[in-house]
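Below is one structure, written out as structure tokens; comments come after it.
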Amino acid sequence: MSDSLDNQVVVITGGSSGLGEATARHLASHGATIVLGARRLERMQSIVSDIEASGGTALAVTTDVTDRHQVQHLVDTALAEYGRVDVMLNNAGLMQQSALDKLKIDEWDNMIDINIKGTLYGIAAVLPQMQKQQNGHIINVSSVAGHKVTPAGTVYCATKYAVRAISEGLRQEVKDYNLRTTIISPGAIDTELPSHITDAEASQAINGFYESAAIPADSFARAVYFAISQPADVDINEILYRPTAQPL
């Protein structure tokens, strides 16, 4: 396992906070060049400034992952600046919970657009370049919810099951190109994710659980680092982890 990520170019969607921010900071501290994509440019620029102040290299690109052209622009910018992309972390995600009979159909659409289509757009943007390089690593973020369905989480869980299915299909298809793929499925992590729940009943239940059990986002960053720092002939296909206090 290599301790250094020098010369590794890592593109991260959902890079303005939470899992993306923690991973950017952690990988930059190990020498990686970071390209952040998210909608909140000012927040990303603050992260970039911190990384650069510590001697690292980083870049921020305004990106809405529901727009495939913006995701392609994110990857194209990384290629124009640094000549390659070694790791694509499709991290942008949305969790909105409510019982199906609440008919929050707009929220279903939001989760499908961000969690499923956003992941596919990230794959589409980077795959031709990685095939050309004959090298690269695509990491997709699922969830414990991609393994277990919970009441009020039906659509969210479905999107995270889909990420796992997409990732496994991708894994099987890219072997001839020497590419690696990883699915990371975290449990309750202390991020903004629960703040997007608009249903009062679901919000109370989820936020109460997160307050009692959630662990810091750097746990996810360490999982990403573990996966990408393995020797080239080792492909960590899936990591599922939870807070020790999480029963489900």
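Ordering of the structure tokens sets the chain letters (A, B, ...); residue numbers start at 1 within each chain; ligands are numbered from 1 in the order shown.
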Name all residues at most 9 Å from range 52-58 of chain A (count only C-alpha atoms; drop same-chain ones fewer than 5 positions away) and give them as a compact mmCIF listing (two decimals) with all heavy atoms, in the first residue's frame.
```
# COMPACT_ATOMS: atom_id res chain seq x y z
N ALA A 24 -11.58 15.47 0.30
CA ALA A 24 -10.65 16.39 -0.38
C ALA A 24 -9.51 16.78 0.54
O ALA A 24 -8.33 16.74 0.14
CB ALA A 24 -11.42 17.63 -0.84
N ALA A 28 -5.69 15.41 -0.11
CA ALA A 28 -4.72 16.47 -0.38
C ALA A 28 -3.56 16.40 0.61
O ALA A 28 -2.39 16.65 0.23
CB ALA A 28 -5.39 17.83 -0.31
N SER A 29 -3.84 16.03 1.85
CA SER A 29 -2.77 15.92 2.84
C SER A 29 -1.81 14.79 2.53
O SER A 29 -0.69 14.76 3.04
CB SER A 29 -3.38 15.72 4.24
OG SER A 29 -3.89 14.41 4.41
N HIS A 30 -2.25 13.86 1.66
CA HIS A 30 -1.40 12.76 1.22
C HIS A 30 -0.82 13.00 -0.18
O HIS A 30 -0.27 12.08 -0.79
CB HIS A 30 -2.17 11.44 1.24
CG HIS A 30 -2.42 10.92 2.63
ND1 HIS A 30 -1.49 10.18 3.33
CD2 HIS A 30 -3.50 11.04 3.45
CE1 HIS A 30 -1.98 9.87 4.51
NE2 HIS A 30 -3.19 10.38 4.61
N GLY A 31 -0.97 14.22 -0.68
CA GLY A 31 -0.30 14.59 -1.92
C GLY A 31 -1.15 14.61 -3.17
O GLY A 31 -0.67 14.97 -4.24
N ALA A 32 -2.44 14.23 -3.06
CA ALA A 32 -3.28 14.21 -4.25
C ALA A 32 -3.62 15.62 -4.72
O ALA A 32 -3.74 16.55 -3.91
CB ALA A 32 -4.57 13.43 -3.98
N THR A 33 -3.80 15.76 -6.02
CA THR A 33 -4.33 16.99 -6.61
C THR A 33 -5.85 16.85 -6.66
O THR A 33 -6.37 15.85 -7.18
CB THR A 33 -3.78 17.19 -8.03
OG1 THR A 33 -2.37 17.41 -7.94
CG2 THR A 33 -4.44 18.36 -8.72
N ILE A 34 -6.56 17.83 -6.14
CA ILE A 34 -8.00 17.72 -5.94
C ILE A 34 -8.75 18.67 -6.88
O ILE A 34 -8.42 19.86 -6.99
CB ILE A 34 -8.39 18.06 -4.49
CG1 ILE A 34 -7.61 17.18 -3.50
CG2 ILE A 34 -9.89 17.93 -4.30
CD1 ILE A 34 -7.87 15.71 -3.61
N VAL A 35 -9.78 18.13 -7.55
CA VAL A 35 -10.68 18.94 -8.35
C VAL A 35 -12.08 18.75 -7.79
O VAL A 35 -12.65 17.66 -7.85
CB VAL A 35 -10.64 18.54 -9.84
CG1 VAL A 35 -11.58 19.44 -10.65
CG2 VAL A 35 -9.22 18.64 -10.38
N LEU A 36 -12.62 19.83 -7.23
CA LEU A 36 -13.92 19.77 -6.57
C LEU A 36 -15.02 20.25 -7.49
O LEU A 36 -14.87 21.25 -8.20
CB LEU A 36 -13.92 20.68 -5.33
CG LEU A 36 -13.00 20.29 -4.17
CD1 LEU A 36 -13.03 21.37 -3.11
CD2 LEU A 36 -13.42 18.95 -3.58
N ILE A 47 -12.36 25.81 0.69
CA ILE A 47 -11.64 24.54 0.86
C ILE A 47 -10.36 24.54 0.04
O ILE A 47 -9.30 24.13 0.51
CB ILE A 47 -12.55 23.36 0.45
CG1 ILE A 47 -13.80 23.31 1.34
CG2 ILE A 47 -11.80 22.03 0.51
CD1 ILE A 47 -14.89 22.40 0.82
```
If we count only C-alpha atoms, what is near Ala78 in chain A at a cut-off of 12 Å, once residues fewer than 5 positions away on the same chain are taken out, given as a tab-separated table (two decimals) with N, CA, C and O atoms, in the first residue's frame?
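Contents of part16.tsv, freshly written:
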```tsv
chain	number	residue	atom	x	y	z
A	8	GLN	N	-1.48	11.98	-8.24
A	8	GLN	CA	-2.82	11.43	-8.43
A	8	GLN	C	-3.83	12.58	-8.52
A	8	GLN	O	-3.92	13.42	-7.61
A	9	VAL	N	-4.58	12.64	-9.62
A	9	VAL	CA	-5.60	13.67	-9.79
A	9	VAL	C	-6.95	13.07	-9.42
A	9	VAL	O	-7.38	12.08	-10.03
A	10	VAL	N	-7.61	13.68	-8.45
A	10	VAL	CA	-8.86	13.14	-7.90
A	10	VAL	C	-9.98	14.16	-8.13
A	10	VAL	O	-9.90	15.29	-7.64
A	11	VAL	N	-11.02	13.75	-8.83
A	11	VAL	CA	-12.20	14.59	-9.04
A	11	VAL	C	-13.29	14.14	-8.07
A	11	VAL	O	-13.58	12.94	-7.96
A	12	ILE	N	-13.89	15.10	-7.37
A	12	ILE	CA	-14.89	14.79	-6.34
A	12	ILE	C	-16.15	15.62	-6.59
A	12	ILE	O	-16.11	16.85	-6.56
A	33	THR	N	-3.80	15.76	-6.02
A	33	THR	CA	-4.33	16.99	-6.61
A	33	THR	C	-5.85	16.85	-6.66
A	33	THR	O	-6.37	15.85	-7.18
A	34	ILE	N	-6.56	17.83	-6.14
A	34	ILE	CA	-8.00	17.72	-5.94
A	34	ILE	C	-8.75	18.67	-6.88
A	34	ILE	O	-8.42	19.86	-6.99
A	35	VAL	N	-9.78	18.13	-7.55
A	35	VAL	CA	-10.68	18.94	-8.35
A	35	VAL	C	-12.08	18.75	-7.79
A	35	VAL	O	-12.65	17.66	-7.85
A	36	LEU	N	-12.62	19.83	-7.23
A	36	LEU	CA	-13.92	19.77	-6.57
A	36	LEU	C	-15.02	20.25	-7.49
A	36	LEU	O	-14.87	21.25	-8.20
A	37	GLY	N	-16.16	19.54	-7.46
A	37	GLY	CA	-17.34	19.96	-8.19
A	37	GLY	C	-18.55	19.99	-7.28
A	37	GLY	O	-18.80	19.02	-6.56
A	57	THR	N	-2.53	21.16	-3.87
A	57	THR	CA	-3.04	21.68	-5.14
A	57	THR	C	-4.51	21.30	-5.27
A	57	THR	O	-4.87	20.14	-5.11
A	58	ALA	N	-5.34	22.30	-5.57
A	58	ALA	CA	-6.78	22.04	-5.69
A	58	ALA	C	-7.42	23.07	-6.61
A	58	ALA	O	-6.88	24.15	-6.84
A	59	LEU	N	-8.58	22.71	-7.11
A	59	LEU	CA	-9.31	23.52	-8.06
A	59	LEU	C	-10.80	23.30	-7.82
A	59	LEU	O	-11.21	22.18	-7.49
A	60	ALA	N	-11.61	24.35	-7.97
A	60	ALA	CA	-13.05	24.24	-7.79
A	60	ALA	C	-13.77	24.60	-9.08
A	60	ALA	O	-13.42	25.59	-9.74
A	61	VAL	N	-14.78	23.81	-9.43
A	61	VAL	CA	-15.57	24.03	-10.64
A	61	VAL	C	-17.04	23.93	-10.28
A	61	VAL	O	-17.49	22.90	-9.76
A	71	VAL	N	-21.25	18.14	-15.58
A	71	VAL	CA	-20.36	17.08	-15.08
A	71	VAL	C	-19.23	16.84	-16.08
A	71	VAL	O	-18.06	16.67	-15.69
A	72	GLN	N	-19.55	16.83	-17.37
A	72	GLN	CA	-18.51	16.69	-18.38
A	72	GLN	C	-17.53	17.85	-18.32
A	72	GLN	O	-16.31	17.66	-18.45
A	73	HIS	N	-18.04	19.06	-18.10
A	73	HIS	CA	-17.16	20.23	-17.99
A	73	HIS	C	-16.22	20.09	-16.79
A	73	HIS	O	-15.04	20.48	-16.88
A	83	GLY	N	-4.04	17.11	-17.12
A	83	GLY	CA	-3.67	16.13	-18.12
A	83	GLY	C	-4.22	14.73	-17.92
A	83	GLY	O	-4.10	13.89	-18.82
A	84	ARG	N	-4.85	14.46	-16.79
A	84	ARG	CA	-5.36	13.12	-16.53
A	84	ARG	C	-6.33	13.17	-15.35
A	84	ARG	O	-6.36	14.14	-14.59
A	85	VAL	N	-7.11	12.13	-15.18
A	85	VAL	CA	-7.92	11.93	-13.98
A	85	VAL	C	-7.65	10.51	-13.51
A	85	VAL	O	-7.86	9.55	-14.25
A	86	ASP	N	-7.15	10.38	-12.30
A	86	ASP	CA	-6.82	9.07	-11.76
A	86	ASP	C	-7.95	8.47	-10.94
A	86	ASP	O	-8.13	7.25	-10.93
A	87	VAL	N	-8.71	9.34	-10.26
A	87	VAL	CA	-9.81	8.87	-9.41
A	87	VAL	C	-11.01	9.77	-9.64
A	87	VAL	O	-10.90	11.01	-9.62
A	88	MET	N	-12.17	9.16	-9.86
A	88	MET	CA	-13.43	9.88	-9.94
A	88	MET	C	-14.29	9.43	-8.78
A	88	MET	O	-14.67	8.25	-8.68
A	125	ALA	N	-18.65	10.84	-17.98
A	125	ALA	CA	-17.70	11.92	-18.22
A	125	ALA	C	-16.25	11.45	-18.18
A	125	ALA	O	-15.41	11.95	-18.92
A	126	VAL	N	-15.97	10.47	-17.32
A	126	VAL	CA	-14.57	10.10	-17.08
A	126	VAL	C	-14.16	8.81	-17.77
A	126	VAL	O	-12.96	8.58	-18.00
A	129	GLN	N	-11.75	8.73	-20.96
A	129	GLN	CA	-10.38	9.12	-20.65
A	129	GLN	C	-9.65	8.02	-19.90
A	129	GLN	O	-8.48	7.72	-20.18
```
Identify, on the basis of only C-alpha atoms, every residue whose closest approach to range 228-234 of chain A does not exceed 10 Å; exclude the query and any residue fewer than 6 positions from it along the same chain; express the result as a PDB file with N, CA and C atoms, in the first residue's frame.
```pdb
ATOM      1  N   MET A   1       0.842  -1.192   0.000  1.00  0.00           N
ATOM      2  CA  MET A   1       0.000   0.000   0.000  1.00  0.00           C
ATOM      3  C   MET A   1       0.875   1.239   0.000  1.00  0.00           C
ATOM      4  N   SER A   2       0.550   2.191  -0.869  1.00  0.00           N
ATOM      5  CA  SER A   2       1.338   3.404  -0.988  1.00  0.00           C
ATOM      6  C   SER A   2       0.821   4.465  -0.036  1.00  0.00           C
ATOM      7  N   ASP A   3       1.737   5.094   0.713  1.00  0.00           N
ATOM      8  CA  ASP A   3       1.342   6.175   1.614  1.00  0.00           C
ATOM      9  C   ASP A   3       1.140   7.484   0.875  1.00  0.00           C
ATOM     10  N   SER A   4       1.751   7.635  -0.281  1.00  0.00           N
ATOM     11  CA  SER A   4       1.712   8.891  -1.004  1.00  0.00           C
ATOM     12  C   SER A   4       0.775   8.814  -2.201  1.00  0.00           C
ATOM     13  N   LEU A   5       0.029   9.896  -2.397  1.00  0.00           N
ATOM     14  CA  LEU A   5      -0.831  10.004  -3.570  1.00  0.00           C
ATOM     15  C   LEU A   5      -0.298  11.078  -4.516  1.00  0.00           C
ATOM     16  N   GLN A   8      -1.480  11.979  -8.237  1.00  0.00           N
ATOM     17  CA  GLN A   8      -2.822  11.432  -8.432  1.00  0.00           C
ATOM     18  C   GLN A   8      -3.828  12.584  -8.518  1.00  0.00           C
ATOM     19  N   LEU A  27      -7.207  13.533   1.273  1.00  0.00           N
ATOM     20  CA  LEU A  27      -6.380  13.095   0.155  1.00  0.00           C
ATOM     21  C   LEU A  27      -5.335  14.132  -0.213  1.00  0.00           C
ATOM     22  N   ASP A  86      -7.148  10.385 -12.302  1.00  0.00           N
ATOM     23  CA  ASP A  86      -6.818   9.068 -11.756  1.00  0.00           C
ATOM     24  C   ASP A  86      -7.955   8.472 -10.940  1.00  0.00           C
ATOM     25  N   VAL A  87      -8.710   9.338 -10.260  1.00  0.00           N
ATOM     26  CA  VAL A  87      -9.806   8.874  -9.413  1.00  0.00           C
ATOM     27  C   VAL A  87     -11.012   9.774  -9.640  1.00  0.00           C
ATOM     28  N   ASN A 135      -5.925   3.148 -17.193  1.00  0.00           N
ATOM     29  CA  ASN A 135      -5.678   3.272 -15.756  1.00  0.00           C
ATOM     30  C   ASN A 135      -6.714   4.219 -15.163  1.00  0.00           C
ATOM     31  N   GLY A 136      -7.157   3.920 -13.955  1.00  0.00           N
ATOM     32  CA  GLY A 136      -8.085   4.809 -13.281  1.00  0.00           C
ATOM     33  C   GLY A 136      -8.922   4.070 -12.262  1.00  0.00           C
ATOM     34  N   HIS A 137      -9.608   4.851 -11.430  1.00  0.00           N
ATOM     35  CA  HIS A 137     -10.375   4.277 -10.325  1.00  0.00           C
ATOM     36  C   HIS A 137     -11.655   5.094 -10.186  1.00  0.00           C
ATOM     37  N   ILE A 138     -12.803   4.447 -10.307  1.00  0.00           N
ATOM     38  CA  ILE A 138     -14.096   5.103 -10.143  1.00  0.00           C
ATOM     39  C   ILE A 138     -14.710   4.624  -8.832  1.00  0.00           C
ATOM     40  N   ILE A 139     -15.038   5.587  -7.974  1.00  0.00           N
ATOM     41  CA  ILE A 139     -15.622   5.284  -6.666  1.00  0.00           C
ATOM     42  C   ILE A 139     -17.019   5.885  -6.610  1.00  0.00           C
ATOM     43  N   ASN A 178      -7.963  -2.178 -17.318  1.00  0.00           N
ATOM     44  CA  ASN A 178      -7.131  -2.046 -16.125  1.00  0.00           C
ATOM     45  C   ASN A 178      -7.698  -1.029 -15.135  1.00  0.00           C
ATOM     46  N   LEU A 179      -9.016  -0.879 -15.110  1.00  0.00           N
ATOM     47  CA  LEU A 179      -9.636   0.094 -14.213  1.00  0.00           C
ATOM     48  C   LEU A 179     -10.128  -0.582 -12.939  1.00  0.00           C
ATOM     49  N   ARG A 180     -10.131   0.196 -11.866  1.00  0.00           N
ATOM     50  CA  ARG A 180     -10.629  -0.291 -10.582  1.00  0.00           C
ATOM     51  C   ARG A 180     -11.942   0.424 -10.236  1.00  0.00           C
ATOM     52  N   THR A 181     -12.801  -0.246  -9.492  1.00  0.00           N
ATOM     53  CA  THR A 181     -14.070   0.336  -9.075  1.00  0.00           C
ATOM     54  C   THR A 181     -14.330   0.001  -7.613  1.00  0.00           C
ATOM     55  N   THR A 182     -14.912   0.958  -6.912  1.00  0.00           N
ATOM     56  CA  THR A 182     -15.241   0.754  -5.500  1.00  0.00           C
ATOM     57  C   THR A 182     -16.600   1.356  -5.202  1.00  0.00           C
TER      58      THR A 182
END
```
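Considering the residues A:Ser212, A:Gln204, A:Ser16, A:Ser142 and counting only C-alpha atoms, Leu41 in chain A has its shortest atom-to-atom contact with A:Ser16.
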### Query
In Å, how far is it from CA of Thr119 in chain A to CA of Arg242 in chain A?
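We find that CA of Thr119 in chain A and CA of Arg242 in chain A lie 22.1 Å from each other.
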### Task
Apply DSSP to the structure's backbone, then extract all residues of range 72-219 of chain A labelled helix (DSSP H, G or I) and return them as a ChimeraX atom specification.
/A:72-82,100-102,105-133,144-146,154-173,175-177,193-196,200-213,218-219
### Message
Give me, as number ranges by chain, all polymer residues having an atom no more than 9 Å from Ser98 in chain A, counting only C-alpha atoms and skipping those fewer than 2 positions away in the same chain.
### Response
A: 96, 100-104, 151-155, 197-203
With all heavy atoms kept, could you save the residues just selected as a tab-separated table (two decimals), in the first residue's frame?
```tsv
chain	number	residue	atom	x	y	z
A	96	GLN	N	-33.89	12.36	1.05
A	96	GLN	CA	-35.17	12.90	1.48
A	96	GLN	C	-36.08	11.72	1.82
A	96	GLN	O	-36.27	10.83	1.00
A	96	GLN	CB	-35.76	13.78	0.38
A	96	GLN	CG	-34.92	15.03	0.15
A	96	GLN	CD	-35.48	15.93	-0.92
A	96	GLN	OE1	-35.67	15.54	-2.05
A	96	GLN	NE2	-35.74	17.18	-0.55
A	100	LEU	N	-44.41	6.71	1.25
A	100	LEU	CA	-44.84	6.85	-0.14
A	100	LEU	C	-46.19	7.55	-0.24
A	100	LEU	O	-46.43	8.32	-1.18
A	100	LEU	CB	-44.90	5.49	-0.81
A	100	LEU	CG	-43.55	4.82	-1.09
A	100	LEU	CD1	-43.77	3.42	-1.64
A	100	LEU	CD2	-42.71	5.64	-2.06
A	101	ASP	N	-47.09	7.32	0.72
A	101	ASP	CA	-48.41	7.92	0.61
A	101	ASP	C	-48.41	9.42	0.88
A	101	ASP	O	-49.43	10.10	0.71
A	101	ASP	CB	-49.44	7.21	1.49
A	101	ASP	CG	-49.14	7.27	2.97
A	101	ASP	OD1	-48.24	8.03	3.39
A	101	ASP	OD2	-49.83	6.56	3.74
A	102	LYS	N	-47.25	9.98	1.26
A	102	LYS	CA	-47.14	11.44	1.33
A	102	LYS	C	-47.02	12.05	-0.06
A	102	LYS	O	-47.15	13.26	-0.22
A	102	LYS	CB	-45.93	11.82	2.18
A	102	LYS	CG	-45.96	11.35	3.62
A	102	LYS	CD	-47.04	12.02	4.43
A	102	LYS	CE	-47.06	11.56	5.87
A	102	LYS	NZ	-45.89	11.99	6.65
A	103	LEU	N	-46.73	11.20	-1.05
A	103	LEU	CA	-46.69	11.62	-2.46
A	103	LEU	C	-45.76	12.80	-2.71
A	103	LEU	O	-46.09	13.72	-3.46
A	103	LEU	CB	-48.10	11.93	-2.96
A	103	LEU	CG	-49.10	10.76	-2.95
A	103	LEU	CD1	-50.44	11.22	-3.47
A	103	LEU	CD2	-48.57	9.58	-3.77
A	104	LYS	N	-44.58	12.75	-2.12
A	104	LYS	CA	-43.58	13.80	-2.37
A	104	LYS	C	-42.82	13.46	-3.66
A	104	LYS	O	-41.62	13.17	-3.65
A	104	LYS	CB	-42.66	13.93	-1.16
A	104	LYS	CG	-43.36	14.54	0.06
A	104	LYS	CD	-42.39	14.72	1.21
A	104	LYS	CE	-43.05	15.43	2.40
A	104	LYS	NZ	-43.25	16.87	2.16
A	151	PRO	N	-38.65	1.92	6.42
A	151	PRO	CA	-39.87	2.71	6.23
A	151	PRO	C	-39.53	4.18	6.03
A	151	PRO	O	-38.62	4.71	6.68
A	151	PRO	CB	-40.64	2.49	7.54
A	151	PRO	CG	-40.10	1.22	8.10
A	151	PRO	CD	-38.66	1.17	7.70
A	152	ALA	N	-40.23	4.82	5.14
A	152	ALA	CA	-40.03	6.23	4.77
A	152	ALA	C	-38.78	6.44	3.92
A	152	ALA	O	-38.58	7.53	3.38
A	152	ALA	CB	-39.99	7.15	5.99
A	153	GLY	N	-37.96	5.41	3.78
A	153	GLY	CA	-36.76	5.54	2.98
A	153	GLY	C	-36.83	4.82	1.65
A	153	GLY	O	-35.80	4.61	1.00
A	154	THR	N	-38.01	4.45	1.22
A	154	THR	CA	-38.17	3.57	0.06
A	154	THR	C	-37.45	4.08	-1.18
A	154	THR	O	-36.66	3.35	-1.80
A	154	THR	CB	-39.66	3.38	-0.26
A	154	THR	OG1	-40.32	2.86	0.90
A	154	THR	CG2	-39.84	2.42	-1.43
A	155	VAL	N	-37.69	5.31	-1.56
A	155	VAL	CA	-37.10	5.82	-2.80
A	155	VAL	C	-35.61	6.08	-2.61
A	155	VAL	O	-34.80	5.75	-3.49
A	155	VAL	CB	-37.83	7.10	-3.26
A	155	VAL	CG1	-37.17	7.66	-4.53
A	155	VAL	CG2	-39.30	6.80	-3.53
A	197	ILE	N	-34.50	16.65	4.66
A	197	ILE	CA	-35.76	15.95	4.86
A	197	ILE	C	-36.85	16.96	5.23
A	197	ILE	O	-36.73	17.68	6.22
A	197	ILE	CB	-35.62	14.89	5.97
A	197	ILE	CG1	-34.54	13.87	5.60
A	197	ILE	CG2	-36.96	14.18	6.20
A	197	ILE	CD1	-34.21	12.89	6.70
A	198	THR	N	-37.90	17.02	4.43
A	198	THR	CA	-38.96	18.00	4.65
A	198	THR	C	-40.15	17.42	5.42
A	198	THR	O	-40.95	18.18	5.96
A	198	THR	CB	-39.47	18.57	3.32
A	198	THR	OG1	-40.05	17.51	2.55
A	198	THR	CG2	-38.35	19.21	2.53
A	199	ASP	N	-40.28	16.12	5.46
A	199	ASP	CA	-41.38	15.49	6.19
A	199	ASP	C	-41.07	15.52	7.68
A	199	ASP	O	-40.04	15.01	8.13
A	199	ASP	CB	-41.54	14.04	5.71
A	199	ASP	CG	-42.68	13.34	6.42
A	199	ASP	OD1	-43.84	13.61	6.07
A	199	ASP	OD2	-42.39	12.53	7.32
A	200	ALA	N	-41.94	16.16	8.46
A	200	ALA	CA	-41.66	16.40	9.87
A	200	ALA	C	-41.44	15.11	10.66
A	200	ALA	O	-40.51	15.02	11.48
A	200	ALA	CB	-42.81	17.21	10.49
A	201	GLU	N	-42.27	14.11	10.42
A	201	GLU	CA	-42.16	12.85	11.16
A	201	GLU	C	-40.84	12.15	10.85
A	201	GLU	O	-40.13	11.71	11.75
A	201	GLU	CB	-43.34	11.95	10.82
A	201	GLU	CG	-43.37	10.65	11.61
A	201	GLU	CD	-44.58	9.80	11.27
A	201	GLU	OE1	-45.41	10.22	10.44
A	201	GLU	OE2	-44.69	8.69	11.83
A	202	ALA	N	-40.52	12.05	9.57
A	202	ALA	CA	-39.27	11.40	9.18
A	202	ALA	C	-38.06	12.19	9.66
A	202	ALA	O	-37.07	11.62	10.12
A	202	ALA	CB	-39.23	11.23	7.67
A	203	SER	N	-38.15	13.51	9.58
A	203	SER	CA	-37.04	14.36	10.01
A	203	SER	C	-36.74	14.17	11.49
A	203	SER	O	-35.57	14.06	11.89
A	203	SER	CB	-37.36	15.83	9.72
A	203	SER	OG	-36.32	16.66	10.17
```
### Task
Would you mind writing down, as a VMD selection string, each residue of range 3-223 of chain A that DSSP on the backbone assigns to strand (DSSP E)?
chain A and resid 9 to 13 33 to 38 57 to 62 87 to 90 136 to 141 179 to 186
### Task
Please provide as a list of chain:residue names all residues within 10 Å of Gly118 in chain A, with the sequence filter that same-chain residues fewer than 2 positions apart are discarded (counting only C-alpha atoms).
A:Thr13, A:Asp64, A:Val65, A:Thr66, A:Asp67, A:Arg68, A:Val71, A:Asn90, A:Asn91, A:Ala92, A:Gly93, A:Met111, A:Ile112, A:Asp113, A:Ile114, A:Asn115, A:Ile116, A:Leu120, A:Tyr121, A:Gly122, A:Ile123, A:Ala124
### Query
What gap, in Å, lies between CA of Ala213 in chain A and CA of Ile189 in chain A?
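Distance reported for this atom pair: 8.3 Å.
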### Query
Between A:Asn7, A:Ser17, A:Ser143, A:Thr191, which is the closest to Tyr161 in chain A once you count only C-alpha atoms?
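Of all the options, A:Ser143 lies closest to Tyr161 in chain A.
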### Message
as number ranges by chain, please: the residues near Gly169 in chain A (cut-off 12 Å, only C-alpha atoms, same-chain neighbours under 2 positions excluded).
### Response
A: 120, 123, 162-167, 171-175, 181-183, 237
### Task
Find, counting only C-alpha atoms, the residue in A:Leu74, A:Met130, A:Met44, A:Met95 that gets nearest to Ser195 in chain A.
A:Met95
### Query
Smallest atom-to-atom distance to Ala188 in chain A: which of A:Gln246, A:Asp235, A:Gln131, A:Arg222, using only C-alpha atoms?
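Ranked by minimum distance to Ala188 in chain A, first place goes to A:Gln246.
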### Task
Return the single residue from A:Glu192, A:Asp218, A:Glu21, A:Glu81 that is closest to Ile51 in chain A, with distances computed using only C-alpha atoms.
A:Glu21
### Task
Quick one: everything within 6 Å of Asp190 in chain A, counting only C-alpha atoms, minus sequence neighbours fewer than 6 positions away in the same chain. Send it as a ChimeraX atom specification.
/A:214-216
